[in-house]
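See structure below.
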Amino acid sequence: MAVQPTLASAPVAAGQDIHQDTTVKMFLLGAVGYFAIVGVIALIIAAKFVWPEFLGTISYFTYGRMRPLHVNGMLFGWLLAADMGLAYYIVPRLCGVRLWSEKLGVATSILWNIIIVSAIVSLLGGYQKGLEYADLPTPVAVLVVIAWVMFGVNIFGTIATRKYQQMYVSTWYLMGTILWTAFVYLTGNFATLLPGITGVNQANLTWMYTHNAVGLIFTPAGLAVAYYFIPRASNTPLFSHKLSMIGFWSLAFVYVWTGAHHMIHGPISQWLQTISIVFSVMLLIPVWAVVYNFIATMKGQWHQLGDNVSLKFLMSGTVFYLLTCFQGPMHSLRSVNAIVSKTDWIPGHAHMAVLGTFSFMAMAGVYYVIPRVFKTTLHSETLANWSFWLFLIGGLGMFTALWLGGFWQGWQWNNPAIPFIDTVVALKPVWMVRFLSGIMIFGGIVLFMFNIISTAIGAGQRQAIPQPVAVKA
Amino acid sequence: MLQKTDSNATGFVVAALGLFFIGGLLTTVAPPLLDKSWNKPFKNSDPAKGPTGKLVGYTEQEMRGYHIYVREGCKYCHTQQVRTLASDVKRSGWKGVDAPVSTPDEFVYDWRQTFGTKRTGPDLARVGGKYNKQWHAAHFRNPRDLVPGSIMPPFPWIADNPQELDDLVAYLQTRGRAKDWRPDNDYEK
Ligand code: HEM
């Protein structure tokens with residue numbers, strides 16, 4: 001078998017001490033903090049569906065401002081920051097060298113915090129571009145680009161100085177993430193604003209961005225994390241390196257074509273809709289390749305799930321990935337789309353991807369990495385286990401409520417004899433279940449944050465952290 | 001062979017970006033070149049070809065209203081597209097008349113696209129003229145006064161600000177007006 005997969009599962013090498021990991025710590029602790037803060041916003045917007053007057057008369061807290069804050073805060077403050085922190089951990093280890101520049105990493109982390117705080121302030125004030133997922137005002141978006149270049153330089157710099165020639169698949173996915181994100185982000189945030197880009201043209205660029213934000217940013221970043229931590233956490237070599245490459249290259253080819261499936265039946269050229277549908281169905285290939293690889297890696301190792309929280313998150317994330325990416329191609333089909341599009345089914349689908357799949361994978365990584373970078377043990381395995389069950393049960397409650405509710409809603413919409421307002425009233429129990437599930441998920445977030453922060457603080461109290469080896473100049 | 005490809009970072013960069021740009025350019029840059037209706041404002045004077053009418057640009061006041069629509073995130077709850085579905089045509093219509101399907105050439109002056117992804121509230125693509133200003137004022141103050149069971153948020157800071165209210169209503173009244181689809185021009189003011 002190739003060198004690298006075994007490497008990814010080899011016992012922690014003695015060389016581990018070469019890593020300073022300050023950037024990892026800063027990014028991960030920041031991400032965990034934002035997860036909790038934005039979790040409160042999530043509960044507020046979920047509550048507004050049940051009690052529309054709640055915080056309703058204060059302009060800063062109106063739904064239309066809180067929702068983009070929730071979306072951007074979760075995606076950039078928590079998920080992307082967590083994935084970046086994990087990349088700063090994974091890449092140096094897969095390359096057998098130190099991070100190219102720890103100073104640059106620390107600066108990136110500081111800049112990232114500036115971005116998130118300015119995003120919160122400006123979105124609440126109603127300063128937003130008005131483009132979904134690209135809501136951040138242009139000056140903030142420019143800072144994101146700068147931070148991303150700093151991140152990219154650091155990771156590519158590390159890869160360029162690598163000791164191990166062959167690159168493990170996580171490295172591939174992270175390199176892909178960096179390159180694609182750069183262009184996807186520029187498309188969604190800047191190309192959309194070019195003079196003359198209006199209406200359908202702008203929408204098409206926006207869908208190219210929003211869809212690929214999930215497909216070419218969070219998917220490859222999340223899979224890089226899973227490809228690294230599934231073998232690591234289970235101490236088992238990856239099932240097949242070759243299959244992982246098939247998954248990677250088919251993802252690279254297929255994803256970018258699918259943006260227009262957000263406008264099926266809408267005012268956009270029919271042939272473009274058809275292209276997006278065909279490619280959406282083809283997405284099953286990379287997904288099944290990845291999922292098969294993960295499941296086959298775990299063959300004979302399932303008993304490990306019992307007492308390994310990281311593995312629990314990783315494997316349930318894998319199952320959610322399979323389900324999400326089965327839903328995706330299905331609701332691209334014109335007939336299914338006519339029922340579920342624009343309904344509450346869609347947030348059900350979106351949360352299974354960004355919460356059920358990629359946040360689960362990122363949390364697995366954080367639970368694994370934090371004790372190691374602080375050279376200690378996790379504050380409490382029991383609490384970690386509780387957090388998993390809260391996330392899982394809350395998540396399932398939310399997803400199923402939204403699917404059932406959304407499907408029913410779509411069904412009612414297709415019968416124009418039913419007044420619209422009746423379809424709103426009919427969904428109220430569903431939104432109540434979502435709110436209650438949200439409370440469980442929020443409980444999971446709080447336990448997760450408490451555990452991680454206690455681990456970090458406890459490490460200092462329990463034992464003096466060994467002085468890091470002198471930093472490379 | 002495999003071994004060699006996964007050791008080659010430069011080759012990787014070229015291939016990953018190459019694949020990305022093929023799909024990216026063909027699905028974003030090519031379509032507006034191929035489908036002229038994306039950039040050419042709607043205009044039709046021949047009733048045989050469907051609804052007649054002409055898309056005009058926004059006035060200053062309507063534009064201010066448009067900014068308020070964006071600022072308040074109305075589009076996170078409202079779509080603006082009558083899809084090619086029988087139910088959309090019926091639901092976006094009012095007073096017993098079906099609404100015409102939305103076409104790309106109706107959105108050419110839209111500085112921020114407002115197609116939306118979620119219908120927590122009804123589609124607004126043809127709402128222009130459906131209600132008068134008093135109705136909107138009362139609705140923004142408290143939607144539940146007019147529509148019991150509604151979950152639309154109240155917008156007192158708009159209802160209490162005559163300028164903003166006028167602007168936003170002016171914008172809403174333009175929705176769907178490019179196509180003259182009402183039988184007797186029975187638009188409310
Ligand atoms: C406490 C748990 C959560 C609750 C209660 C919650 C609630 C909500 C609500 C009410 C919406 C608006 C749905 C609509 O428009 O009808 C939403 C949208 C969204 N949320 Fe969450 N959320 C939670 C966690 C998360 C997490 C962890 C992430 C990402 C990491 C996330 C990402 C998103 C995204 C991307 C959307 C937009 C979906 C779309 O474009 O359709 N959420 N969420």
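Each chain of the structure tokens is named A, B, ... in the order shown, its residues numbered from 1; ligands are numbered from 1 in display order.
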Task: DSSP alpha helix (DSSP H) residues within segment 54-220 of chain A, as a VMD selection string - done: chain A and resid 63 to 72 81 to 95 102 to 124 138 to 160 169 to 189 199 to 212 219 to 220
Write to file, as an mmCIF file, in the first residue's frame, the residues of the selection just made, with C-alpha atoms.
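And here is the file that came out, selection-v6.cif:
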```
data_model
loop_
_atom_site.group_PDB
_atom_site.id
_atom_site.type_symbol
_atom_site.label_atom_id
_atom_site.label_comp_id
_atom_site.auth_asym_id
_atom_site.auth_seq_id
_atom_site.Cartn_x
_atom_site.Cartn_y
_atom_site.Cartn_z
ATOM 1 C CA TYR A 63 -35.523 38.310 11.505
ATOM 2 C CA GLY A 64 -34.178 39.629 8.213
ATOM 3 C CA ARG A 65 -30.998 40.819 9.927
ATOM 4 C CA MET A 66 -30.566 37.940 12.353
ATOM 5 C CA ARG A 67 -30.852 35.249 9.721
ATOM 6 C CA PRO A 68 -27.838 36.359 7.653
ATOM 7 C CA LEU A 69 -25.983 36.776 10.916
ATOM 8 C CA HIS A 70 -26.803 33.198 11.814
ATOM 9 C CA VAL A 71 -25.814 31.888 8.395
ATOM 10 C CA ASN A 72 -22.569 33.840 8.055
ATOM 11 C CA ALA A 81 -12.550 28.764 11.246
ATOM 12 C CA ALA A 82 -12.645 25.270 12.765
ATOM 13 C CA ASP A 83 -11.678 23.690 9.445
ATOM 14 C CA MET A 84 -8.833 26.190 9.054
ATOM 15 C CA GLY A 85 -7.585 25.487 12.570
ATOM 16 C CA LEU A 86 -7.635 21.770 11.822
ATOM 17 C CA ALA A 87 -5.799 22.335 8.543
ATOM 18 C CA TYR A 88 -3.042 24.121 10.468
ATOM 19 C CA TYR A 89 -2.809 20.942 12.552
ATOM 20 C CA ILE A 90 -3.117 18.323 9.818
ATOM 21 C CA VAL A 91 -0.931 19.665 7.036
ATOM 22 C CA PRO A 92 2.340 20.056 8.981
ATOM 23 C CA ARG A 93 1.881 16.527 10.331
ATOM 24 C CA LEU A 94 1.220 15.021 6.924
ATOM 25 C CA CYS A 95 4.234 16.859 5.534
ATOM 26 C CA GLU A 102 3.590 30.384 12.949
ATOM 27 C CA LYS A 103 3.680 34.194 13.044
ATOM 28 C CA LEU A 104 1.692 34.456 9.843
ATOM 29 C CA GLY A 105 -0.751 31.926 11.285
ATOM 30 C CA VAL A 106 -1.258 33.971 14.436
ATOM 31 C CA ALA A 107 -1.759 37.112 12.364
ATOM 32 C CA THR A 108 -4.342 35.276 10.246
ATOM 33 C CA SER A 109 -6.214 34.253 13.352
ATOM 34 C CA ILE A 110 -6.282 37.815 14.660
ATOM 35 C CA LEU A 111 -7.518 39.081 11.324
ATOM 36 C CA TRP A 112 -10.197 36.392 11.293
ATOM 37 C CA ASN A 113 -11.503 37.607 14.642
ATOM 38 C CA ILE A 114 -11.614 41.158 13.346
ATOM 39 C CA ILE A 115 -13.638 39.920 10.388
ATOM 40 C CA ILE A 116 -16.179 38.056 12.479
ATOM 41 C CA VAL A 117 -16.695 40.913 14.903
ATOM 42 C CA SER A 118 -17.119 43.455 12.087
ATOM 43 C CA ALA A 119 -19.506 41.057 10.375
ATOM 44 C CA ILE A 120 -21.689 40.844 13.472
ATOM 45 C CA VAL A 121 -21.799 44.611 13.914
ATOM 46 C CA SER A 122 -22.500 45.430 10.278
ATOM 47 C CA LEU A 123 -25.148 42.749 9.724
ATOM 48 C CA LEU A 124 -27.092 43.811 12.800
ATOM 49 C CA THR A 138 -17.514 44.667 0.706
ATOM 50 C CA PRO A 139 -14.792 46.002 3.064
ATOM 51 C CA VAL A 140 -15.262 42.938 5.281
ATOM 52 C CA ALA A 141 -15.253 40.671 2.233
ATOM 53 C CA VAL A 142 -11.933 42.211 1.203
ATOM 54 C CA LEU A 143 -10.511 41.302 4.610
ATOM 55 C CA VAL A 144 -11.747 37.740 4.104
ATOM 56 C CA VAL A 145 -9.828 37.560 0.848
ATOM 57 C CA ILE A 146 -6.663 38.842 2.544
ATOM 58 C CA ALA A 147 -7.014 36.334 5.374
ATOM 59 C CA TRP A 148 -7.587 33.575 2.881
ATOM 60 C CA VAL A 149 -4.432 34.438 0.954
ATOM 61 C CA MET A 150 -2.476 34.444 4.227
ATOM 62 C CA PHE A 151 -3.901 31.029 5.041
ATOM 63 C CA GLY A 152 -3.156 29.715 1.564
ATOM 64 C CA VAL A 153 0.427 30.967 1.569
ATOM 65 C CA ASN A 154 1.050 29.292 4.894
ATOM 66 C CA ILE A 155 -0.422 25.942 3.917
ATOM 67 C CA PHE A 156 1.131 25.862 0.451
ATOM 68 C CA GLY A 157 4.427 27.018 1.992
ATOM 69 C CA THR A 158 4.273 24.078 4.367
ATOM 70 C CA ILE A 159 3.507 21.702 1.518
ATOM 71 C CA ALA A 160 6.362 23.091 -0.560
ATOM 72 C CA VAL A 169 -5.632 12.655 0.293
ATOM 73 C CA SER A 170 -6.342 15.157 3.094
ATOM 74 C CA THR A 171 -3.579 17.338 1.704
ATOM 75 C CA TRP A 172 -5.218 17.127 -1.706
ATOM 76 C CA TYR A 173 -8.563 18.156 -0.402
ATOM 77 C CA LEU A 174 -7.116 21.057 1.554
ATOM 78 C CA MET A 175 -5.171 22.326 -1.433
ATOM 79 C CA GLY A 176 -8.350 22.065 -3.477
ATOM 80 C CA THR A 177 -10.275 23.938 -0.791
ATOM 81 C CA ILE A 178 -7.798 26.792 -0.792
ATOM 82 C CA LEU A 179 -7.685 27.187 -4.554
ATOM 83 C CA TRP A 180 -11.398 26.774 -5.217
ATOM 84 C CA THR A 181 -12.494 28.903 -2.299
ATOM 85 C CA ALA A 182 -10.408 31.754 -3.606
ATOM 86 C CA PHE A 183 -12.285 31.790 -6.901
ATOM 87 C CA VAL A 184 -15.674 30.796 -5.561
ATOM 88 C CA TYR A 185 -15.493 33.583 -2.998
ATOM 89 C CA LEU A 186 -14.402 36.147 -5.551
ATOM 90 C CA THR A 187 -17.272 35.122 -7.809
ATOM 91 C CA GLY A 188 -19.925 35.421 -5.120
ATOM 92 C CA ASN A 189 -18.640 38.587 -3.482
ATOM 93 C CA GLY A 199 -31.013 40.167 -12.320
ATOM 94 C CA VAL A 200 -30.701 36.620 -13.565
ATOM 95 C CA ASN A 201 -27.036 37.086 -14.388
ATOM 96 C CA GLN A 202 -26.280 38.087 -10.829
ATOM 97 C CA ALA A 203 -28.444 35.296 -9.485
ATOM 98 C CA ASN A 204 -26.600 32.747 -11.569
ATOM 99 C CA LEU A 205 -23.273 33.962 -10.171
ATOM 100 C CA THR A 206 -24.730 33.924 -6.674
ATOM 101 C CA TRP A 207 -25.885 30.312 -7.046
ATOM 102 C CA MET A 208 -22.512 29.359 -8.414
ATOM 103 C CA TYR A 209 -21.122 30.807 -5.178
ATOM 104 C CA THR A 210 -23.635 29.583 -2.607
ATOM 105 C CA HIS A 211 -23.718 26.123 -3.999
ATOM 106 C CA ASN A 212 -19.968 25.848 -4.256
ATOM 107 C CA THR A 219 -17.164 19.653 1.470
ATOM 108 C CA PRO A 220 -13.455 19.335 0.648
#
```
All residues 10 Å or closer to Pro31 of chain B, only C-alpha atoms, same chain fewer than 3 positions away omitted, as a short mmCIF file (atom, residue, chain, number, x, y, z; two decimals) with N, CA and C atoms, in the first residue's frame:
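Saved as around-v8.cif:
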```cif
data_model
loop_
_atom_site.label_atom_id
_atom_site.label_comp_id
_atom_site.auth_asym_id
_atom_site.auth_seq_id
_atom_site.Cartn_x
_atom_site.Cartn_y
_atom_site.Cartn_z
N ASN A 201 -28.47 37.23 -14.28
CA ASN A 201 -27.04 37.09 -14.39
C ASN A 201 -26.39 37.07 -13.01
N ASN A 204 -27.35 33.92 -11.14
CA ASN A 204 -26.60 32.75 -11.57
C ASN A 204 -25.22 32.73 -10.93
N ILE A 268 -34.85 31.11 -15.58
CA ILE A 268 -33.48 30.96 -16.05
C ILE A 268 -33.51 29.91 -17.16
N SER A 269 -32.62 30.07 -18.13
CA SER A 269 -32.67 29.23 -19.33
C SER A 269 -32.87 27.75 -19.01
N TRP A 271 -32.05 25.07 -20.68
CA TRP A 271 -30.92 24.18 -20.91
C TRP A 271 -29.93 24.25 -19.76
N LEU A 272 -29.82 25.43 -19.15
CA LEU A 272 -28.91 25.56 -18.01
C LEU A 272 -29.45 24.76 -16.82
N LEU B 25 -16.65 28.60 -16.04
CA LEU B 25 -16.87 29.56 -17.13
C LEU B 25 -18.07 29.16 -17.99
N LEU B 26 -18.19 27.86 -18.25
CA LEU B 26 -19.29 27.45 -19.10
C LEU B 26 -20.65 27.67 -18.45
N THR B 27 -20.70 27.66 -17.14
CA THR B 27 -22.01 27.85 -16.51
C THR B 27 -22.27 29.28 -16.06
N THR B 28 -21.25 30.16 -16.09
CA THR B 28 -21.52 31.54 -15.65
C THR B 28 -21.30 32.56 -16.76
N LEU B 34 -25.22 33.34 -24.59
CA LEU B 34 -26.08 32.51 -25.43
C LEU B 34 -27.55 32.90 -25.33
N ASP B 35 -27.98 33.30 -24.14
CA ASP B 35 -29.39 33.63 -23.94
C ASP B 35 -29.53 35.14 -23.73
N LYS B 36 -29.93 35.82 -24.79
CA LYS B 36 -29.94 37.28 -24.77
C LYS B 36 -30.94 37.84 -23.77
N TRP B 38 -31.27 37.51 -20.83
CA TRP B 38 -30.73 37.82 -19.50
C TRP B 38 -30.39 39.29 -19.36
#
```
TODO: Using only C-alpha atoms, determine which residues lie at most 9 Å from segment 106-118 of chain B, disregarding the query and same-chain residues fewer than 6 positions distant; provide the list as number ranges by chain.
DONE: A: 129-132, 193, 196-203, 262-263, 266, 341-344, 346-347; B: 37-43, 54-58, 66-67, 70, 74-81, 125, 176, 178-179
The selected residues should be written to file as a short mmCIF file (atom, residue, chain, number, x, y, z; two decimals), in the first residue's frame (atoms: N, CA and C atoms).
```
data_model
loop_
_atom_site.label_atom_id
_atom_site.label_comp_id
_atom_site.auth_asym_id
_atom_site.auth_seq_id
_atom_site.Cartn_x
_atom_site.Cartn_y
_atom_site.Cartn_z
N LYS A 129 -24.69 43.25 1.82
CA LYS A 129 -24.71 43.35 0.37
C LYS A 129 -26.04 42.89 -0.19
N GLY A 130 -26.76 42.06 0.57
CA GLY A 130 -28.02 41.58 0.05
C GLY A 130 -27.87 40.42 -0.90
N LEU A 131 -26.75 39.70 -0.79
CA LEU A 131 -26.55 38.52 -1.61
C LEU A 131 -26.35 37.36 -0.65
N GLU A 132 -27.12 36.31 -0.84
CA GLU A 132 -27.11 35.25 0.15
C GLU A 132 -25.72 34.61 0.30
N LEU A 193 -20.87 41.96 -8.30
CA LEU A 193 -21.06 43.41 -8.17
C LEU A 193 -20.54 44.17 -9.37
N GLY A 196 -23.18 46.15 -14.70
CA GLY A 196 -23.89 45.41 -15.73
C GLY A 196 -24.33 44.02 -15.29
N ILE A 197 -23.87 43.58 -14.11
CA ILE A 197 -24.30 42.27 -13.63
C ILE A 197 -25.56 42.48 -12.79
N THR A 198 -26.70 42.14 -13.36
CA THR A 198 -27.96 42.36 -12.64
C THR A 198 -28.83 41.12 -12.80
N GLY A 199 -29.96 41.15 -12.11
CA GLY A 199 -31.01 40.17 -12.32
C GLY A 199 -30.55 38.72 -12.38
N VAL A 200 -30.96 38.05 -13.43
CA VAL A 200 -30.70 36.62 -13.56
C VAL A 200 -29.20 36.33 -13.62
N ASN A 201 -28.47 37.23 -14.28
CA ASN A 201 -27.04 37.09 -14.39
C ASN A 201 -26.39 37.07 -13.01
N GLN A 202 -26.82 38.01 -12.18
CA GLN A 202 -26.28 38.09 -10.83
C GLN A 202 -26.71 36.86 -10.02
N ALA A 203 -27.95 36.46 -10.21
CA ALA A 203 -28.44 35.30 -9.49
C ALA A 203 -27.63 34.07 -9.85
N HIS A 262 -30.62 25.68 -8.22
CA HIS A 262 -31.40 26.47 -7.27
C HIS A 262 -32.53 27.24 -7.95
N MET A 263 -32.54 27.22 -9.27
CA MET A 263 -33.56 28.00 -10.00
C MET A 263 -34.41 27.10 -10.89
N GLY A 266 -37.55 28.07 -12.54
CA GLY A 266 -37.53 29.54 -12.38
C GLY A 266 -37.16 30.23 -13.67
N SER A 341 -38.91 22.51 -3.37
CA SER A 341 -38.18 23.76 -3.49
C SER A 341 -38.91 24.90 -2.78
N LYS A 342 -38.14 25.76 -2.11
CA LYS A 342 -38.63 26.95 -1.38
C LYS A 342 -39.40 26.61 -0.10
N THR A 343 -39.53 25.32 0.22
CA THR A 343 -40.23 24.95 1.46
C THR A 343 -39.24 24.79 2.60
N ASP A 344 -39.76 24.40 3.76
CA ASP A 344 -38.92 24.15 4.91
C ASP A 344 -38.09 22.89 4.76
N ILE A 346 -35.90 22.57 2.60
CA ILE A 346 -34.57 23.01 2.20
C ILE A 346 -33.67 23.30 3.41
N PRO A 347 -34.13 24.09 4.40
CA PRO A 347 -33.30 24.19 5.61
C PRO A 347 -33.05 22.83 6.27
N SER B 37 -31.95 37.05 -23.42
CA SER B 37 -33.00 37.59 -22.56
C SER B 37 -32.47 37.95 -21.17
N TRP B 38 -31.27 37.51 -20.83
CA TRP B 38 -30.73 37.82 -19.50
C TRP B 38 -30.39 39.29 -19.36
N ASN B 39 -30.05 39.94 -20.46
CA ASN B 39 -29.57 41.31 -20.38
C ASN B 39 -30.44 42.32 -21.12
N LYS B 40 -31.46 41.84 -21.85
CA LYS B 40 -32.26 42.75 -22.65
C LYS B 40 -33.60 43.00 -21.97
N PRO B 41 -33.90 44.26 -21.61
CA PRO B 41 -35.13 44.53 -20.87
C PRO B 41 -36.36 44.06 -21.64
N PHE B 42 -37.35 43.59 -20.88
CA PHE B 42 -38.58 43.08 -21.48
C PHE B 42 -39.33 44.16 -22.25
N LYS B 43 -39.80 43.81 -23.43
CA LYS B 43 -40.62 44.72 -24.21
C LYS B 43 -41.43 43.88 -25.19
N LYS B 54 -43.65 46.79 -21.02
CA LYS B 54 -42.28 47.26 -21.20
C LYS B 54 -41.67 47.44 -19.82
N LEU B 55 -40.46 46.94 -19.65
CA LEU B 55 -39.77 47.10 -18.38
C LEU B 55 -39.10 48.46 -18.34
N VAL B 56 -39.41 49.23 -17.28
CA VAL B 56 -38.74 50.54 -17.14
C VAL B 56 -37.84 50.51 -15.91
N GLY B 57 -36.84 51.40 -15.90
CA GLY B 57 -35.91 51.44 -14.77
C GLY B 57 -36.59 51.96 -13.52
N TYR B 58 -35.90 51.88 -12.39
CA TYR B 58 -36.47 52.34 -11.13
C TYR B 58 -36.33 53.85 -10.99
N TYR B 66 -36.15 49.83 -2.62
CA TYR B 66 -35.42 48.61 -2.95
C TYR B 66 -34.31 48.38 -1.91
N HIS B 67 -33.61 49.48 -1.55
CA HIS B 67 -32.55 49.36 -0.54
C HIS B 67 -33.12 48.92 0.81
N VAL B 70 -33.74 45.25 0.80
CA VAL B 70 -32.49 44.50 1.00
C VAL B 70 -32.04 44.60 2.45
N CYS B 74 -36.02 41.13 3.59
CA CYS B 74 -37.33 40.59 3.21
C CYS B 74 -37.16 39.33 2.36
N LYS B 75 -36.07 39.29 1.60
CA LYS B 75 -35.95 38.18 0.66
C LYS B 75 -35.59 36.86 1.35
N TYR B 76 -35.32 36.91 2.66
CA TYR B 76 -35.10 35.63 3.33
C TYR B 76 -36.41 34.91 3.60
N CYS B 77 -37.53 35.63 3.42
CA CYS B 77 -38.84 35.01 3.59
C CYS B 77 -39.68 35.05 2.32
N HIS B 78 -39.32 35.92 1.38
CA HIS B 78 -40.16 36.10 0.20
C HIS B 78 -39.36 35.85 -1.07
N THR B 79 -39.89 35.05 -1.98
CA THR B 79 -39.27 34.91 -3.29
C THR B 79 -39.89 35.96 -4.21
N GLN B 80 -39.27 36.15 -5.35
CA GLN B 80 -39.87 36.98 -6.41
C GLN B 80 -39.67 36.27 -7.73
N GLN B 81 -40.41 35.21 -7.92
CA GLN B 81 -40.35 34.50 -9.19
C GLN B 81 -41.62 33.64 -9.32
N ALA B 125 -43.56 38.43 -6.59
CA ALA B 125 -43.23 38.84 -7.95
C ALA B 125 -44.35 39.65 -8.61
N GLY B 176 -43.85 43.19 -10.75
CA GLY B 176 -44.70 42.52 -11.72
C GLY B 176 -45.32 43.46 -12.74
N ALA B 178 -44.00 45.19 -15.17
CA ALA B 178 -43.46 45.24 -16.54
C ALA B 178 -44.46 44.62 -17.51
N LYS B 179 -45.09 43.55 -17.06
CA LYS B 179 -46.09 42.91 -17.92
C LYS B 179 -47.47 43.44 -17.56
#
```
Open item on the list: Which residues are close to Ala159 of chain B, i.e. within 12 Å by only C-alpha atoms, leaving aside same-chain residues fewer than 6 positions away? Reply as a list of chain:residue names.
Closed with: A:Thr57, B:Lys133, B:Gln134, B:Trp135, B:His136, B:Ala137, B:Ala138, B:His139, B:Phe140, B:Arg141, B:Asn142, B:Pro143, B:Leu165, B:Asp166, B:Asp167, B:Leu168, B:Val169
Could you write out that same residue set with N, CA and C atoms as a tab-separated table (two decimals), in the first residue's frame?
```
chain	number	residue	atom	x	y	z
A	57	THR	N	-39.75	44.31	17.80
A	57	THR	CA	-39.91	45.73	17.54
A	57	THR	C	-38.59	46.48	17.56
B	133	LYS	N	-51.70	51.56	-0.27
B	133	LYS	CA	-50.69	51.97	0.70
B	133	LYS	C	-51.17	51.80	2.14
B	134	GLN	N	-52.46	52.11	2.39
B	134	GLN	CA	-52.97	51.94	3.76
B	134	GLN	C	-52.79	50.50	4.22
B	135	TRP	N	-53.10	49.61	3.32
B	135	TRP	CA	-52.97	48.19	3.68
B	135	TRP	C	-51.53	47.89	4.08
B	136	HIS	N	-50.58	48.31	3.25
B	136	HIS	CA	-49.18	48.02	3.54
B	136	HIS	C	-48.76	48.66	4.85
B	137	ALA	N	-49.22	49.91	5.09
B	137	ALA	CA	-48.83	50.59	6.32
B	137	ALA	C	-49.30	49.78	7.53
B	138	ALA	N	-50.55	49.37	7.49
B	138	ALA	CA	-51.08	48.59	8.61
B	138	ALA	C	-50.36	47.24	8.72
B	139	HIS	N	-50.06	46.67	7.57
B	139	HIS	CA	-49.41	45.35	7.56
B	139	HIS	C	-48.00	45.43	8.13
B	140	PHE	N	-47.27	46.48	7.79
B	140	PHE	CA	-45.91	46.60	8.33
B	140	PHE	C	-45.95	46.88	9.83
B	141	ARG	N	-46.99	47.61	10.26
B	141	ARG	CA	-47.06	47.89	11.70
B	141	ARG	C	-47.28	46.60	12.47
B	142	ASN	N	-48.24	45.84	12.07
B	142	ASN	CA	-48.41	44.52	12.67
B	142	ASN	C	-49.18	43.60	11.73
B	143	PRO	N	-48.48	42.71	11.06
B	143	PRO	CA	-49.11	41.84	10.06
B	143	PRO	C	-50.31	41.08	10.63
B	165	LEU	N	-41.70	54.46	4.55
B	165	LEU	CA	-42.91	53.73	4.18
B	165	LEU	C	-43.26	54.00	2.72
B	166	ASP	N	-43.24	55.29	2.34
B	166	ASP	CA	-43.54	55.64	0.95
B	166	ASP	C	-42.58	54.94	-0.01
B	167	ASP	N	-41.30	54.99	0.35
B	167	ASP	CA	-40.29	54.42	-0.54
B	167	ASP	C	-40.51	52.91	-0.71
B	168	LEU	N	-40.69	52.23	0.41
B	168	LEU	CA	-40.82	50.77	0.34
B	168	LEU	C	-42.07	50.39	-0.43
B	169	VAL	N	-43.17	51.09	-0.16
B	169	VAL	CA	-44.41	50.76	-0.87
B	169	VAL	C	-44.25	51.06	-2.37
```
Each residue of chain A with at least one atom at most 8 Å from ligand 1 should appear once, together with its nearest atom pair and the corresponding distance in Å (one decimal); atoms considered: only C-alpha atoms and all ligand atoms; ordering: chain, then increasing residue number; output as a tab-separated table.
```
residue	atom	partner	partner_atom_place_in_ligand_line	distance
A:Phe35	CA	ligand 1	27 (C)	7.3
A:Gly39	CA	ligand 1	1 (C)	5.1
A:Val40	CA	ligand 1	1 (C)	7.4
A:Ala42	CA	ligand 1	6 (C)	4.4
A:Leu43	CA	ligand 1	5 (C)	4.8
A:Ile44	CA	ligand 1	5 (C)	7.9
A:Ile45	CA	ligand 1	10 (C)	5.0
A:Ala46	CA	ligand 1	10 (C)	4.0
A:Ala47	CA	ligand 1	10 (C)	7.7
A:Phe49	CA	ligand 1	10 (C)	7.3
A:Arg67	CA	ligand 1	12 (C)	6.2
A:Pro68	CA	ligand 1	37 (C)	8.0
A:His70	CA	ligand 1	20 (N)	6.3
A:Val71	CA	ligand 1	34 (C)	4.5
A:Asn72	CA	ligand 1	35 (C)	7.4
A:Met74	CA	ligand 1	29 (C)	4.6
A:Leu75	CA	ligand 1	30 (C)	5.1
A:Trp78	CA	ligand 1	30 (C)	6.7
A:Leu79	CA	ligand 1	30 (C)	5.4
A:Glu132	CA	ligand 1	40 (O)	7.6
A:Tyr133	CA	ligand 1	35 (C)	7.7
A:Thr343	CA	ligand 1	16 (O)	7.8
A:Asp344	CA	ligand 1	16 (O)	5.8
A:Ile346	CA	ligand 1	41 (O)	5.5
A:Pro347	CA	ligand 1	41 (O)	4.5
A:Ala350	CA	ligand 1	38 (C)	5.4
A:His351	CA	ligand 1	31 (C)	5.8
A:Val354	CA	ligand 1	29 (C)	4.7
A:Leu355	CA	ligand 1	27 (C)	4.5
A:Phe358	CA	ligand 1	30 (C)	7.3
A:Ser359	CA	ligand 1	30 (C)	5.7
A:Gly395	CA	ligand 1	2 (C)	7.9
A:Met398	CA	ligand 1	5 (C)	7.9
A:Arg434	CA	ligand 1	5 (C)	6.4
A:Phe435	CA	ligand 1	5 (C)	5.8
A:Ser437	CA	ligand 1	5 (C)	7.0
A:Gly438	CA	ligand 1	5 (C)	3.9
A:Ile439	CA	ligand 1	1 (C)	6.3
A:Met440	CA	ligand 1	1 (C)	7.5
A:Ile441	CA	ligand 1	1 (C)	4.9
A:Phe442	CA	ligand 1	1 (C)	4.8
A:Ile445	CA	ligand 1	1 (C)	7.9
```
Open item on the list: Give me the residues near Leu17 of chain B as a ChimeraX atom specification, where near means some atom within 10 Å (using only C-alpha atoms) and where sequence neighbours in that chain fewer than 2 positions away do not count.
Closed with: /A:176,179-180,183,252-253 /B:12-15,19-22,24
